[in-house]
Each structure stands twice: as C-alpha cells, then as structure tokens.
file my_file.pdb (PDB, C-alpha atoms, pLDDT in the B column)
ATOM      1  CA  MET A   1      33.113   8.216   1.297  1.00 47.00           C
ATOM      2  CA  ILE A   2      31.023   7.542  -1.797  1.00 49.00           C
ATOM      3  CA  PRO A   3      31.305   3.992  -3.177  1.00 53.00           C
ATOM      4  CA  ILE A   4      32.818   3.837  -6.658  1.00 50.00           C
ATOM      5  CA  LYS A   5      29.714   2.372  -8.279  1.00 51.00           C
ATOM      6  CA  TYR A   6      27.691   5.328  -7.112  1.00 53.00           C
ATOM      7  CA  LYS A   7      30.351   7.764  -8.178  1.00 51.00           C
ATOM      8  CA  ALA A   8      30.102   6.307 -11.653  1.00 47.00           C
ATOM      9  CA  ALA A   9      26.369   6.820 -11.638  1.00 50.00           C
ATOM     10  CA  LEU A  10      26.876  10.336 -10.473  1.00 48.00           C
ATOM     11  CA  ALA A  11      29.217  11.037 -13.311  1.00 45.00           C
ATOM     12  CA  VAL A  12      26.403  10.810 -15.807  1.00 44.00           C
ATOM     13  CA  VAL A  13      23.398  11.720 -13.751  1.00 46.00           C
ATOM     14  CA  LEU A  14      22.683  15.319 -13.010  1.00 41.00           C
ATOM     15  CA  LEU A  15      21.448  15.515  -9.501  1.00 45.00           C
ATOM     16  CA  SER A  16      18.901  18.171  -8.766  1.00 45.00           C
ATOM     17  CA  LEU A  17      18.516  18.859  -5.101  1.00 43.00           C
ATOM     18  CA  SER A  18      18.034  22.311  -3.782  1.00 41.00           C
ATOM     19  CA  VAL A  19      15.413  24.789  -4.802  1.00 59.00           C
ATOM     20  CA  GLN A  20      16.706  27.684  -2.767  1.00 80.00           C
ATOM     21  CA  ALA A  21      19.121  30.279  -4.009  1.00 91.00           C
ATOM     22  CA  ARG A  22      22.313  30.645  -2.037  1.00 94.00           C
ATOM     23  CA  THR A  23      25.352  32.866  -2.140  1.00 95.00           C
ATOM     24  CA  TRP A  24      28.296  31.398  -3.999  1.00 96.00           C
ATOM     25  CA  THR A  25      31.811  32.682  -3.468  1.00 96.00           C
ATOM     26  CA  SER A  26      34.814  32.472  -5.777  1.00 95.00           C
ATOM     27  CA  VAL A  27      37.911  30.596  -4.711  1.00 94.00           C
ATOM     28  CA  ASP A  28      39.758  33.854  -4.007  1.00 95.00           C
ATOM     29  CA  GLY A  29      36.836  35.160  -1.969  1.00 94.00           C
ATOM     30  CA  LEU A  30      36.530  38.329  -4.026  1.00 95.00           C
ATOM     31  CA  LYS A  31      33.349  37.609  -5.982  1.00 94.00           C
ATOM     32  CA  THR A  32      29.963  36.427  -4.863  1.00 95.00           C
ATOM     33  CA  PHE A  33      26.659  35.797  -6.598  1.00 93.00           C
ATOM     34  CA  GLU A  34      23.224  34.428  -5.806  1.00 94.00           C
ATOM     35  CA  ALA A  35      22.086  31.320  -7.610  1.00 95.00           C
ATOM     36  CA  GLU A  36      20.129  28.168  -7.080  1.00 95.00           C
ATOM     37  CA  TYR A  37      22.053  24.914  -7.089  1.00 95.00           C
ATOM     38  CA  LYS A  38      20.826  22.508  -9.736  1.00 93.00           C
ATOM     39  CA  SER A  39      23.338  19.719 -10.145  1.00 93.00           C
ATOM     40  CA  TYR A  40      26.883  18.497 -10.111  1.00 94.00           C
ATOM     41  CA  ASN A  41      28.551  16.538 -12.889  1.00 94.00           C
ATOM     42  CA  GLN A  42      31.386  14.609 -11.333  1.00 91.00           C
ATOM     43  CA  GLU A  43      33.030  13.588 -14.590  1.00 93.00           C
ATOM     44  CA  ALA A  44      33.308  17.175 -15.739  1.00 94.00           C
ATOM     45  CA  ASN A  45      33.754  18.461 -12.181  1.00 95.00           C
ATOM     46  CA  GLU A  46      31.122  21.001 -13.087  1.00 95.00           C
ATOM     47  CA  VAL A  47      28.429  22.648 -11.049  1.00 95.00           C
ATOM     48  CA  THR A  48      25.224  23.810 -12.668  1.00 95.00           C
ATOM     49  CA  VAL A  49      23.263  26.608 -11.069  1.00 94.00           C
ATOM     50  CA  LEU A  50      20.185  28.553 -12.001  1.00 95.00           C
ATOM     51  CA  ARG A  51      20.520  32.319 -11.909  1.00 92.00           C
ATOM     52  CA  LYS A  52      17.731  34.560 -13.067  1.00 90.00           C
ATOM     53  CA  TYR A  53      16.109  31.662 -14.943  1.00 90.00           C
ATOM     54  CA  LYS A  54      19.354  30.951 -16.779  1.00 94.00           C
ATOM     55  CA  LYS A  55      21.476  27.855 -16.341  1.00 94.00           C
ATOM     56  CA  LEU A  56      25.139  28.488 -15.665  1.00 93.00           C
ATOM     57  CA  LYS A  57      27.893  25.887 -15.558  1.00 94.00           C
ATOM     58  CA  PHE A  58      31.263  26.359 -14.004  1.00 91.00           C
ATOM     59  CA  SER A  59      34.107  24.291 -12.681  1.00 95.00           C
ATOM     60  CA  MET A  60      34.125  23.377  -9.022  1.00 94.00           C
ATOM     61  CA  ASP A  61      37.694  24.651  -8.971  1.00 95.00           C
ATOM     62  CA  VAL A  62      36.556  28.263  -9.175  1.00 95.00           C
ATOM     63  CA  LEU A  63      34.418  27.918  -6.031  1.00 95.00           C
ATOM     64  CA  SER A  64      35.434  28.575  -2.472  1.00 96.00           C
ATOM     65  CA  GLN A  65      36.191  25.643  -0.220  1.00 96.00           C
ATOM     66  CA  VAL A  66      32.943  26.287   1.656  1.00 96.00           C
ATOM     67  CA  ASP A  67      30.991  26.030  -1.572  1.00 96.00           C
ATOM     68  CA  ARG A  68      32.831  22.891  -2.640  1.00 96.00           C
ATOM     69  CA  ASP A  69      32.109  21.293   0.718  1.00 96.00           C
ATOM     70  CA  TRP A  70      28.470  22.312   0.401  1.00 96.00           C
ATOM     71  CA  VAL A  71      28.195  20.707  -3.029  1.00 95.00           C
ATOM     72  CA  ASN A  72      29.889  17.539  -1.788  1.00 94.00           C
ATOM     73  CA  VAL A  73      27.378  17.265   1.027  1.00 95.00           C
ATOM     74  CA  LYS A  74      24.534  17.667  -1.462  1.00 93.00           C
ATOM     75  CA  VAL A  75      26.020  14.958  -3.672  1.00 92.00           C
ATOM     76  CA  GLU A  76      26.402  12.575  -0.739  1.00 93.00           C
ATOM     77  CA  GLN A  77      22.810  13.255   0.311  1.00 92.00           C
ATOM     78  CA  ALA A  78      21.648  12.487  -3.214  1.00 90.00           C
ATOM     79  CA  VAL A  79      23.592   9.233  -3.234  1.00 90.00           C
ATOM     80  CA  LEU A  80      22.129   8.171   0.096  1.00 91.00           C
ATOM     81  CA  ALA A  81      18.639   9.054  -1.117  1.00 90.00           C
ATOM     82  CA  GLU A  82      19.192   7.044  -4.276  1.00 89.00           C
ATOM     83  CA  VAL A  83      20.499   4.057  -2.318  1.00 88.00           C
ATOM     84  CA  ALA A  84      17.498   4.231  -0.001  1.00 84.00           C
ATOM     85  CA  ALA A  85      15.111   4.508  -2.928  1.00 85.00           C
ATOM     86  CA  ASN A  86      16.641   1.482  -4.617  1.00 86.00           C
ATOM     87  CA  ALA A  87      16.932  -0.645  -1.475  1.00 82.00           C
ATOM     88  CA  PRO A  88      14.753  -3.740  -1.551  1.00 83.00           C
ATOM     89  CA  GLY A  89      11.541  -3.429   0.426  1.00 88.00           C
ATOM     90  CA  ILE A  90      10.542  -5.574   3.369  1.00 90.00           C
ATOM     91  CA  GLU A  91       8.555  -7.917   1.139  1.00 89.00           C
ATOM     92  CA  ASP A  92      11.516  -8.526  -1.168  1.00 91.00           C
ATOM     93  CA  GLN A  93      13.894  -9.092   1.716  1.00 93.00           C
ATOM     94  CA  LEU A  94      11.523 -11.546   3.356  1.00 94.00           C
ATOM     95  CA  ALA A  95      11.045 -13.362   0.067  1.00 93.00           C
ATOM     96  CA  ALA A  96      14.781 -13.992   0.046  1.00 93.00           C
ATOM     97  CA  GLN A  97      14.572 -15.765   3.408  1.00 94.00           C
ATOM     98  CA  PRO A  98      13.485 -19.417   3.545  1.00 94.00           C
ATOM     99  CA  VAL A  99      11.493 -18.783   6.722  1.00 95.00           C
ATOM    100  CA  GLY A 100      10.291 -15.271   5.958  1.00 94.00           C
ATOM    101  CA  ALA A 101       9.095 -16.247   2.479  1.00 93.00           C
ATOM    102  CA  LYS A 102       6.809 -18.953   3.824  1.00 93.00           C
ATOM    103  CA  LEU A 103       5.570 -16.998   6.808  1.00 93.00           C
ATOM    104  CA  ASN A 104       4.776 -13.924   4.824  1.00 88.00           C
ATOM    105  CA  ASN A 105       2.881 -15.923   2.231  1.00 84.00           C
ATOM    106  CA  ARG A 106      -0.573 -15.237   3.638  1.00 90.00           C
ATOM    107  CA  THR A 107      -0.119 -17.394   6.704  1.00 94.00           C
ATOM    108  CA  LEU A 108      -0.087 -14.695   9.357  1.00 96.00           C
ATOM    109  CA  VAL A 109      -2.858 -13.062  11.317  1.00 96.00           C
ATOM    110  CA  ARG A 110      -2.939 -10.539  14.118  1.00 96.00           C
ATOM    111  CA  LEU A 111      -5.630  -9.728  16.604  1.00 96.00           C
ATOM    112  CA  ASP A 112      -7.525  -6.670  15.425  1.00 95.00           C
ATOM    113  CA  GLY A 113     -10.225  -5.739  17.893  1.00 94.00           C
ATOM    114  CA  LYS A 114     -12.543  -8.711  18.156  1.00 94.00           C
ATOM    115  CA  ARG A 115     -11.233 -10.697  15.199  1.00 96.00           C
ATOM    116  CA  PHE A 116      -8.127 -12.009  13.552  1.00 95.00           C
ATOM    117  CA  LYS A 117      -7.037  -9.998  10.579  1.00 96.00           C
ATOM    118  CA  LYS A 118      -4.595 -11.069   7.865  1.00 95.00           C
ATOM    119  CA  ALA A 119      -1.239  -9.563   8.616  1.00 95.00           C
ATOM    120  CA  GLU A 120       2.235  -9.223   7.210  1.00 92.00           C
ATOM    121  CA  MET A 121       5.545  -8.757   8.900  1.00 92.00           C
ATOM    122  CA  GLU A 122       6.580  -5.174   9.308  1.00 91.00           C
ATOM    123  CA  LYS A 123      10.276  -5.868   9.698  1.00 92.00           C
ATOM    124  CA  VAL A 124      12.881  -8.264   8.367  1.00 94.00           C
ATOM    125  CA  PRO A 125      13.885 -10.416  11.317  1.00 95.00           C
ATOM    126  CA  GLU A 126      17.057 -12.404  11.553  1.00 96.00           C
ATOM    127  CA  TYR A 127      15.447 -14.781  14.035  1.00 96.00           C
ATOM    128  CA  TYR A 128      12.015 -16.145  14.826  1.00 96.00           C
ATOM    129  CA  LEU A 129      10.879 -17.198  18.263  1.00 96.00           C
ATOM    130  CA  LEU A 130       8.091 -19.667  17.648  1.00 96.00           C
ATOM    131  CA  TYR A 131       5.570 -20.127  20.416  1.00 95.00           C
ATOM    132  CA  TYR A 132       3.514 -23.265  19.884  1.00 96.00           C
ATOM    133  CA  THR A 133       0.451 -23.138  22.018  1.00 93.00           C
ATOM    134  CA  ALA A 134      -3.252 -23.737  22.346  1.00 90.00           C
ATOM    135  CA  SER A 135      -6.032 -22.318  24.438  1.00 83.00           C
ATOM    136  CA  TRP A 136      -6.940 -25.568  26.140  1.00 76.00           C
TER     137      TRP A 136
ATOM    138  CA  MET B   1       3.027 -11.960  27.824  1.00 74.00           C
ATOM    139  CA  ALA B   2       5.120 -10.220  30.510  1.00 75.00           C
ATOM    140  CA  LYS B   3       8.226 -11.992  29.251  1.00 78.00           C
ATOM    141  CA  TYR B   4       7.441 -10.944  25.695  1.00 78.00           C
ATOM    142  CA  ASN B   5       6.897  -7.333  26.719  1.00 75.00           C
ATOM    143  CA  LYS B   6      10.068  -7.295  28.744  1.00 77.00           C
ATOM    144  CA  GLU B   7      12.364  -9.094  26.348  1.00 77.00           C
ATOM    145  CA  LEU B   8      11.038  -9.044  22.812  1.00 77.00           C
ATOM    146  CA  ALA B   9       8.580  -6.220  22.223  1.00 80.00           C
ATOM    147  CA  GLY B  10      10.237  -3.773  19.868  1.00 79.00           C
ATOM    148  CA  ASN B  11      13.088  -6.122  19.064  1.00 85.00           C
ATOM    149  CA  GLU B  12      14.022  -5.438  15.456  1.00 86.00           C
ATOM    150  CA  ILE B  13      15.788  -8.700  14.697  1.00 94.00           C
ATOM    151  CA  VAL B  14      13.661 -11.254  16.528  1.00 94.00           C
ATOM    152  CA  GLU B  15      10.059 -11.821  15.506  1.00 95.00           C
ATOM    153  CA  PHE B  16       7.831 -13.540  18.030  1.00 95.00           C
ATOM    154  CA  ILE B  17       5.235 -15.709  16.365  1.00 96.00           C
ATOM    155  CA  GLN B  18       2.516 -17.662  18.067  1.00 96.00           C
ATOM    156  CA  VAL B  19       1.702 -20.913  16.342  1.00 96.00           C
ATOM    157  CA  SER B  20      -1.802 -21.779  17.367  1.00 95.00           C
ATOM    158  CA  LEU B  21      -2.577 -25.461  17.557  1.00 93.00           C
ATOM    159  CA  ASP B  22      -6.214 -24.853  18.390  1.00 90.00           C
ATOM    160  CA  ARG B  23      -8.463 -26.810  16.080  1.00 87.00           C
ATOM    161  CA  ASP B  24     -11.206 -24.378  16.909  1.00 88.00           C
ATOM    162  CA  GLU B  25     -10.268 -20.911  15.672  1.00 89.00           C
ATOM    163  CA  ASP B  26     -13.006 -19.377  17.789  1.00 92.00           C
ATOM    164  CA  ALA B  27     -11.323 -20.734  20.899  1.00 92.00           C
ATOM    165  CA  ALA B  28      -8.022 -19.280  19.743  1.00 93.00           C
ATOM    166  CA  LEU B  29      -9.705 -15.971  19.069  1.00 94.00           C
ATOM    167  CA  GLU B  30     -11.443 -15.913  22.413  1.00 94.00           C
ATOM    168  CA  TRP B  31      -8.139 -16.536  24.163  1.00 93.00           C
ATOM    169  CA  ALA B  32      -6.336 -13.921  22.089  1.00 94.00           C
ATOM    170  CA  ILE B  33      -8.993 -11.325  22.895  1.00 95.00           C
ATOM    171  CA  LYS B  34      -8.912 -12.170  26.586  1.00 93.00           C
ATOM    172  CA  GLU B  35      -5.112 -11.848  26.729  1.00 92.00           C
ATOM    173  CA  ASN B  36      -4.901  -9.128  24.065  1.00 93.00           C
ATOM    174  CA  PHE B  37      -2.056 -10.850  22.242  1.00 93.00           C
ATOM    175  CA  PRO B  38      -0.117  -8.247  20.275  1.00 94.00           C
ATOM    176  CA  TRP B  39       2.027 -10.570  18.197  1.00 95.00           C
ATOM    177  CA  LEU B  40       1.653 -12.265  14.863  1.00 96.00           C
ATOM    178  CA  GLN B  41      -0.007 -15.655  14.828  1.00 96.00           C
ATOM    179  CA  VAL B  42      -0.224 -18.620  12.519  1.00 96.00           C
ATOM    180  CA  MET B  43      -3.473 -20.518  12.809  1.00 95.00           C
ATOM    181  CA  LYS B  44      -3.450 -24.311  12.811  1.00 94.00           C
ATOM    182  CA  GLU B  45      -4.755 -24.554   9.251  1.00 93.00           C
ATOM    183  CA  LYS B  46      -1.768 -22.556   7.985  1.00 93.00           C
ATOM    184  CA  VAL B  47       0.939 -24.306   9.998  1.00 93.00           C
ATOM    185  CA  SER B  48       1.810 -26.712   7.186  1.00 92.00           C
ATOM    186  CA  LYS B  49       1.811 -23.967   4.572  1.00 93.00           C
ATOM    187  CA  ALA B  50       4.178 -21.964   6.739  1.00 94.00           C
ATOM    188  CA  ASP B  51       6.309 -25.096   7.151  1.00 93.00           C
ATOM    189  CA  LEU B  52       6.310 -24.787  10.926  1.00 94.00           C
ATOM    190  CA  SER B  53       5.370 -28.341  11.908  1.00 92.00           C
ATOM    191  CA  GLN B  54       8.970 -29.480  11.633  1.00 94.00           C
ATOM    192  CA  TYR B  55      10.074 -27.386  14.613  1.00 94.00           C
ATOM    193  CA  HIS B  56       7.428 -28.623  17.033  1.00 91.00           C
ATOM    194  CA  THR B  57       9.327 -31.675  18.215  1.00 85.00           C
ATOM    195  CA  SER B  58       7.621 -31.873  21.571  1.00 82.00           C
ATOM    196  CA  GLY B  59       4.235 -33.450  21.853  1.00 80.00           C
ATOM    197  CA  SER B  60       3.081 -30.828  24.268  1.00 87.00           C
ATOM    198  CA  VAL B  61       2.304 -27.140  24.471  1.00 85.00           C
ATOM    199  CA  PRO B  62       3.443 -24.572  25.230  1.00 93.00           C
ATOM    200  CA  PHE B  63       6.638 -25.133  23.326  1.00 95.00           C
ATOM    201  CA  TYR B  64       9.188 -22.551  22.272  1.00 95.00           C
ATOM    202  CA  CYS B  65      11.732 -22.774  19.502  1.00 96.00           C
ATOM    203  CA  LEU B  66      14.148 -20.146  18.269  1.00 96.00           C
ATOM    204  CA  ILE B  67      15.174 -20.453  14.633  1.00 97.00           C
ATOM    205  CA  ASP B  68      17.194 -18.249  12.363  1.00 97.00           C
ATOM    206  CA  LYS B  69      15.993 -16.863   9.048  1.00 96.00           C
ATOM    207  CA  GLU B  70      17.335 -19.925   7.237  1.00 96.00           C
ATOM    208  CA  GLY B  71      15.293 -22.232   9.430  1.00 96.00           C
ATOM    209  CA  LYS B  72      18.172 -23.498  11.535  1.00 97.00           C
ATOM    210  CA  VAL B  73      17.113 -24.361  15.080  1.00 97.00           C
ATOM    211  CA  LEU B  74      19.118 -22.388  17.617  1.00 97.00           C
ATOM    212  CA  ALA B  75      17.302 -23.252  20.825  1.00 96.00           C
ATOM    213  CA  LYS B  76      14.332 -25.184  22.123  1.00 96.00           C
ATOM    214  CA  GLY B  77      12.305 -24.660  25.256  1.00 94.00           C
ATOM    215  CA  SER B  78      11.251 -21.457  26.933  1.00 93.00           C
ATOM    216  CA  GLN B  79      14.360 -20.730  28.948  1.00 94.00           C
ATOM    217  CA  ALA B  80      16.862 -21.624  26.236  1.00 95.00           C
ATOM    218  CA  SER B  81      14.947 -19.828  23.496  1.00 95.00           C
ATOM    219  CA  PHE B  82      14.542 -16.564  25.388  1.00 93.00           C
ATOM    220  CA  ALA B  83      18.157 -16.728  26.571  1.00 93.00           C
ATOM    221  CA  LYS B  84      19.383 -17.212  23.017  1.00 94.00           C
ATOM    222  CA  ALA B  85      17.092 -14.434  21.801  1.00 93.00           C
ATOM    223  CA  ARG B  86      18.713 -12.151  24.353  1.00 91.00           C
ATOM    224  CA  ASP B  87      22.146 -13.224  23.143  1.00 90.00           C
ATOM    225  CA  VAL B  88      21.464 -12.432  19.511  1.00 89.00           C
ATOM    226  CA  ALA B  89      19.715  -9.132  20.195  1.00 78.00           C
ATOM    227  CA  PRO B  90      21.879  -6.107  19.425  1.00 74.00           C
TER     228      PRO B  90
END

call {"tool": "encode", "arguments": {"input": "my_file.pdb", "output": "structure tokens"}}
result
Amino acid sequence: MIPIKYKAALAVVLLSLSVQARTWTSVDGLKTFEAEYKSYNQEANEVTVLRKYKKLKFSMDVLSQVDRDWVNVKVEQAVLAEVAANAPGIEDQLAAQPVGAKLNNRTLVRLDGKRFKKAEMEKVPEYYLLYYTASW
Amino acid sequence: MAKYNKELAGNEIVEFIQVSLDRDEDAALEWAIKENFPWLQVMKEKVSKADLSQYHTSGSVPFYCLIDKEGKVLAKGSQASFAKARDVAP
C-alpha cells in the first residue's frame, strides 16, 4: 500500500524506470505492441511509453490486468526508491540523538593497524554499552 | 573481548564503546594493539566533550554502563549491562 503523501507526489511526478521494451496487451487480450515503459501519471491514470522513439500516452484502463499489475509494481518500486533516497543519513539520525550527537562529534577513534584513527559510527544505535577501562 | 564477540559484535542497535581512562594514550594504544580491540573508543581527553563522565559513577575500572540514545541509564555493572543489552536486542 502506497502512503497517501507519496501518492500525491506521484500524481505530479512522472516516474521513469525501465529502459527495456516489453510487450503490452490490451484489456481484451486481442492487441499487443512492443514499447518501453516511461512513466505513470496517477492523477490522469495514464501510462506513457516510448515506441519507435515516439512517446505514447494511454489510459491504464485499456491495459490488461497483467500490465496494470506490472505498472503498479514499478510505481511502488519508484516510491520505495524515493523514500530511501530521501531518508536521513546516519549522520543526521545521530545528530538527532543526545548521545549520538556528542559521540559522533569527533570524539571517537578506532584501532587501525598500529595507531588510533578518527572514526565515526557506522550505524544508528538505540543503546550504548559504555566500557570504562584503563590499561593499568 | 570474548563476551563482546559472543553477545554484541554485529548487534545493530547496541553500540559498544570503550571509554579509555588512560592518561597516557600510548599505553592505551599499546593495550589496544595487544588485544586487537575492534570497537570504537573515546580517549580520556575527549571524555568530557562526549559527556561521558556522568555515567562513570564507580571509582574503579572496569565499569560498564548501558544507556539509551537519550542518555538514560538502563543498567550498571558488567552482568546487568550485558543482560539488559541482550534483553533489548531484537
């Protein structure tokens, strides 16, 4: 299920995904044609394809169920990719933590061969197990 | 080290951090090399900056303390801290 806020974004954003031509079939199964999927406009319920270097637009309603399912999968993949691309990075997530913000502020080192090297956290922990110690 | 490898290595939600109280960083380094410590460390000179002094309520070392990301203390001491870390692990 696609969250509403992403559906809204999809309504105005043309999502280009595939670069390979595929066979499209009409809803009655009688006609087929080869074309490359370009995008789907949810508001208009329109699919855009590229056929012989020419853009064609047609309603999703004229496509077979298999084709409609295929387009829906592509749209969901695009949404997930967009969510992942916009997700805050490790640094931003740590900065939002009281503990992570201070720790990741150039206080950490890690053994690197024969020396300590400045280090940063590579994950966003929920918990920290602090081990206070000394060599003596 | 064995306990870390067995219980915390690869844990995605618990970060193990050694807080070195060695005044002499060379001594800390020598020890780290000898034991091949894999984890992140905070050297003594950075302990205040990292705001970690507040959790070291024992006058001795080693001392373990499990805190959450907000800085709330969940357990103190080796046994309690590792047990709690096991509890919170997915």

call {"tool": "closest_atom_pairs", "arguments": {"input": "my_file.pdb", "of": "chain B", "to": "chain A", "cutoff": "9 Å", "atoms": "only C-alpha atoms", "output": "tab-separated table"}}
result
residue	atom	partner	partner_atom	distance
B:Asn11	CA	A:Pro125	CA	8.9
B:Glu12	CA	A:Pro125	CA	6.5
B:Ile13	CA	A:Pro125	CA	4.2
B:Val14	CA	A:Tyr127	CA	4.7
B:Glu15	CA	A:Tyr128	CA	4.8
B:Phe16	CA	A:Leu129	CA	4.8
B:Ile17	CA	A:Leu130	CA	5.0
B:Gln18	CA	A:Tyr131	CA	4.6
B:Val19	CA	A:Tyr132	CA	4.6
B:Ser20	CA	A:Thr133	CA	5.3
B:Leu21	CA	A:Ala134	CA	5.1
B:Asp22	CA	A:Ala134	CA	5.1
B:Arg23	CA	A:Ala134	CA	8.7
B:Ala27	CA	A:Ser135	CA	6.6
B:Ala28	CA	A:Ser135	CA	5.9
B:Leu29	CA	A:Arg115	CA	6.7
B:Glu30	CA	A:Lys114	CA	8.4
B:Trp31	CA	A:Ser135	CA	6.2
B:Ala32	CA	A:Leu111	CA	6.9
B:Ile33	CA	A:Lys114	CA	6.5
B:Asn36	CA	A:Leu111	CA	7.5
B:Phe37	CA	A:Leu111	CA	6.8
B:Pro38	CA	A:Leu111	CA	6.8
B:Trp39	CA	A:Arg110	CA	6.4
B:Leu40	CA	A:Arg110	CA	5.0
B:Gln41	CA	A:Val109	CA	5.2
B:Val42	CA	A:Leu108	CA	5.0
B:Met43	CA	A:Leu108	CA	7.6
B:Glu45	CA	A:Thr107	CA	8.9
B:Lys46	CA	A:Thr107	CA	5.6
B:Val47	CA	A:Thr107	CA	7.7
B:Lys49	CA	A:Lys102	CA	7.1
B:Ala50	CA	A:Lys102	CA	4.9
B:Asp51	CA	A:Lys102	CA	7.0
B:Leu52	CA	A:Leu130	CA	8.6
B:Tyr55	CA	A:Leu130	CA	8.5
B:His56	CA	A:Tyr132	CA	7.2
B:Ser60	CA	A:Thr133	CA	8.4
B:Val61	CA	A:Thr133	CA	5.0
B:Pro62	CA	A:Thr133	CA	4.6
B:Phe63	CA	A:Tyr132	CA	5.0
B:Tyr64	CA	A:Tyr131	CA	4.7
B:Cys65	CA	A:Leu130	CA	5.1
B:Leu66	CA	A:Leu129	CA	4.4
B:Ile67	CA	A:Tyr128	CA	5.3
B:Asp68	CA	A:Tyr127	CA	4.2
B:Lys69	CA	A:Glu126	CA	5.2
B:Glu70	CA	A:Pro98	CA	5.4
B:Gly71	CA	A:Val99	CA	5.8
B:Ser78	CA	A:Tyr131	CA	8.7
B:Ser81	CA	A:Leu129	CA	7.1
B:Phe82	CA	A:Leu129	CA	8.0
B:Ala85	CA	A:Leu129	CA	7.7
B:Val88	CA	A:Tyr127	CA	8.5

call {"tool": "atom_distance", "arguments": {"input": "my_file.pdb", "atom1": "CA of Phe58 in chain A", "atom2": "CA of Val83 in chain A"}}
result
27.4 Å

call {"tool": "atom_distance", "arguments": {"input": "my_file.pdb", "atom1": "CA of Lys54 in chain A", "atom2": "CA of Val66 in chain A"}}
result
23.4 Å

call {"tool": "axis_aligned_box", "arguments": {"input": "my_file.pdb", "around": "range 31-37 of chain B", "padding_each_side": "6 Å", "output": "lines of an AutoDock Vina configuration file"}}
result
center_x = -5.5
center_y = -12.8
center_z = 24.4
size_x = 18.9
size_y = 19.4
size_z = 16.6

call {"tool": "atom_distance", "arguments": {"input": "my_file.pdb", "atom1": "CA of Ala95 in chain A", "atom2": "CA of Lys84 in chain B"}}
result
24.7 Å

call {"tool": "resolve_selection", "arguments": {"input": "my_file.pdb", "expression": "the PyMOL selection byres ((chain A and resi 49) around 8)", "output": "VMD selection string"}}
result
chain A and resid 35 to 39 47 to 48 50 to 51 55 to 57

call {"tool": "resolve_selection", "arguments": {"input": "my_file.pdb", "expression": "the PyMOL selection byres ((chain A and resi 59-62) around 12)", "output": "PyMOL selection string"}}
result
chain A and resi 24-32+39-49+56-58+63-72

call {"tool": "closest_residue", "arguments": {"input": "my_file.pdb", "among": "B:Arg86, B:Gln54, B:Ala2, B:Ser48", "to": "Lys72 in chain B", "atoms": "all atoms listed in the file"}}
result
B:Gln54

call {"tool": "resolve_selection", "arguments": {"input": "my_file.pdb", "expression": "the PyMOL selection byres ((chain A and resi 22) around 6)", "output": "PDB file with C-alpha atoms, in the coordinates of the input"}}
result
ATOM      1  CA  ALA A  21      19.121  30.279  -4.009  1.00 91.00           C
ATOM      2  CA  THR A  23      25.352  32.866  -2.140  1.00 95.00           C
ATOM      3  CA  GLU A  34      23.224  34.428  -5.806  1.00 94.00           C
ATOM      4  CA  ALA A  35      22.086  31.320  -7.610  1.00 95.00           C
TER       5      ALA A  35
END

call {"tool": "decode", "arguments": {"input": "my_file.pdb", "residues": "range 56-67 of chain A", "atoms": "N, CA and C atoms", "output": "mmCIF file, in the first residue's frame"}}
result
data_model
loop_
_atom_site.group_PDB
_atom_site.id
_atom_site.type_symbol
_atom_site.label_atom_id
_atom_site.label_comp_id
_atom_site.auth_asym_id
_atom_site.auth_seq_id
_atom_site.Cartn_x
_atom_site.Cartn_y
_atom_site.Cartn_z
ATOM 1 N N LEU A 56 3.990 7.737 -26.346
ATOM 2 C CA LEU A 56 2.552 7.471 -26.456
ATOM 3 C C LEU A 56 1.958 7.463 -25.053
ATOM 4 N N LYS A 57 0.774 8.050 -24.932
ATOM 5 C CA LYS A 57 0.081 8.044 -23.641
ATOM 6 C C LYS A 57 -1.250 7.348 -23.812
ATOM 7 N N PHE A 58 -1.564 6.513 -22.849
ATOM 8 C CA PHE A 58 -2.883 5.890 -22.884
ATOM 9 C C PHE A 58 -3.332 5.553 -21.469
ATOM 10 N N SER A 59 -4.641 5.413 -21.351
ATOM 11 C CA SER A 59 -5.208 5.142 -20.030
ATOM 12 C C SER A 59 -4.821 3.749 -19.557
ATOM 13 N N MET A 60 -4.630 3.628 -18.280
ATOM 14 C CA MET A 60 -4.347 2.308 -17.695
ATOM 15 C C MET A 60 -5.508 1.348 -17.959
ATOM 16 N N ASP A 61 -6.703 1.934 -18.098
ATOM 17 C CA ASP A 61 -7.895 1.097 -18.248
ATOM 18 C C ASP A 61 -7.886 0.252 -19.516
ATOM 19 N N VAL A 62 -7.094 0.658 -20.500
ATOM 20 C CA VAL A 62 -7.089 -0.109 -21.751
ATOM 21 C C VAL A 62 -6.058 -1.254 -21.693
ATOM 22 N N LEU A 63 -5.317 -1.324 -20.604
ATOM 23 C CA LEU A 63 -4.286 -2.370 -20.484
ATOM 24 C C LEU A 63 -4.810 -3.611 -19.793
ATOM 25 N N SER A 64 -4.174 -4.711 -20.091
ATOM 26 C CA SER A 64 -4.528 -5.972 -19.440
ATOM 27 C C SER A 64 -4.214 -5.894 -17.951
ATOM 28 N N GLN A 65 -4.800 -6.787 -17.198
ATOM 29 C CA GLN A 65 -4.556 -6.807 -15.760
ATOM 30 C C GLN A 65 -3.076 -7.050 -15.470
ATOM 31 N N VAL A 66 -2.459 -7.910 -16.264
ATOM 32 C CA VAL A 66 -1.026 -8.192 -16.080
ATOM 33 C C VAL A 66 -0.214 -6.920 -16.246
ATOM 34 N N ASP A 67 -0.557 -6.147 -17.265
ATOM 35 C CA ASP A 67 0.172 -4.896 -17.495
ATOM 36 C C ASP A 67 -0.078 -3.886 -16.370
#
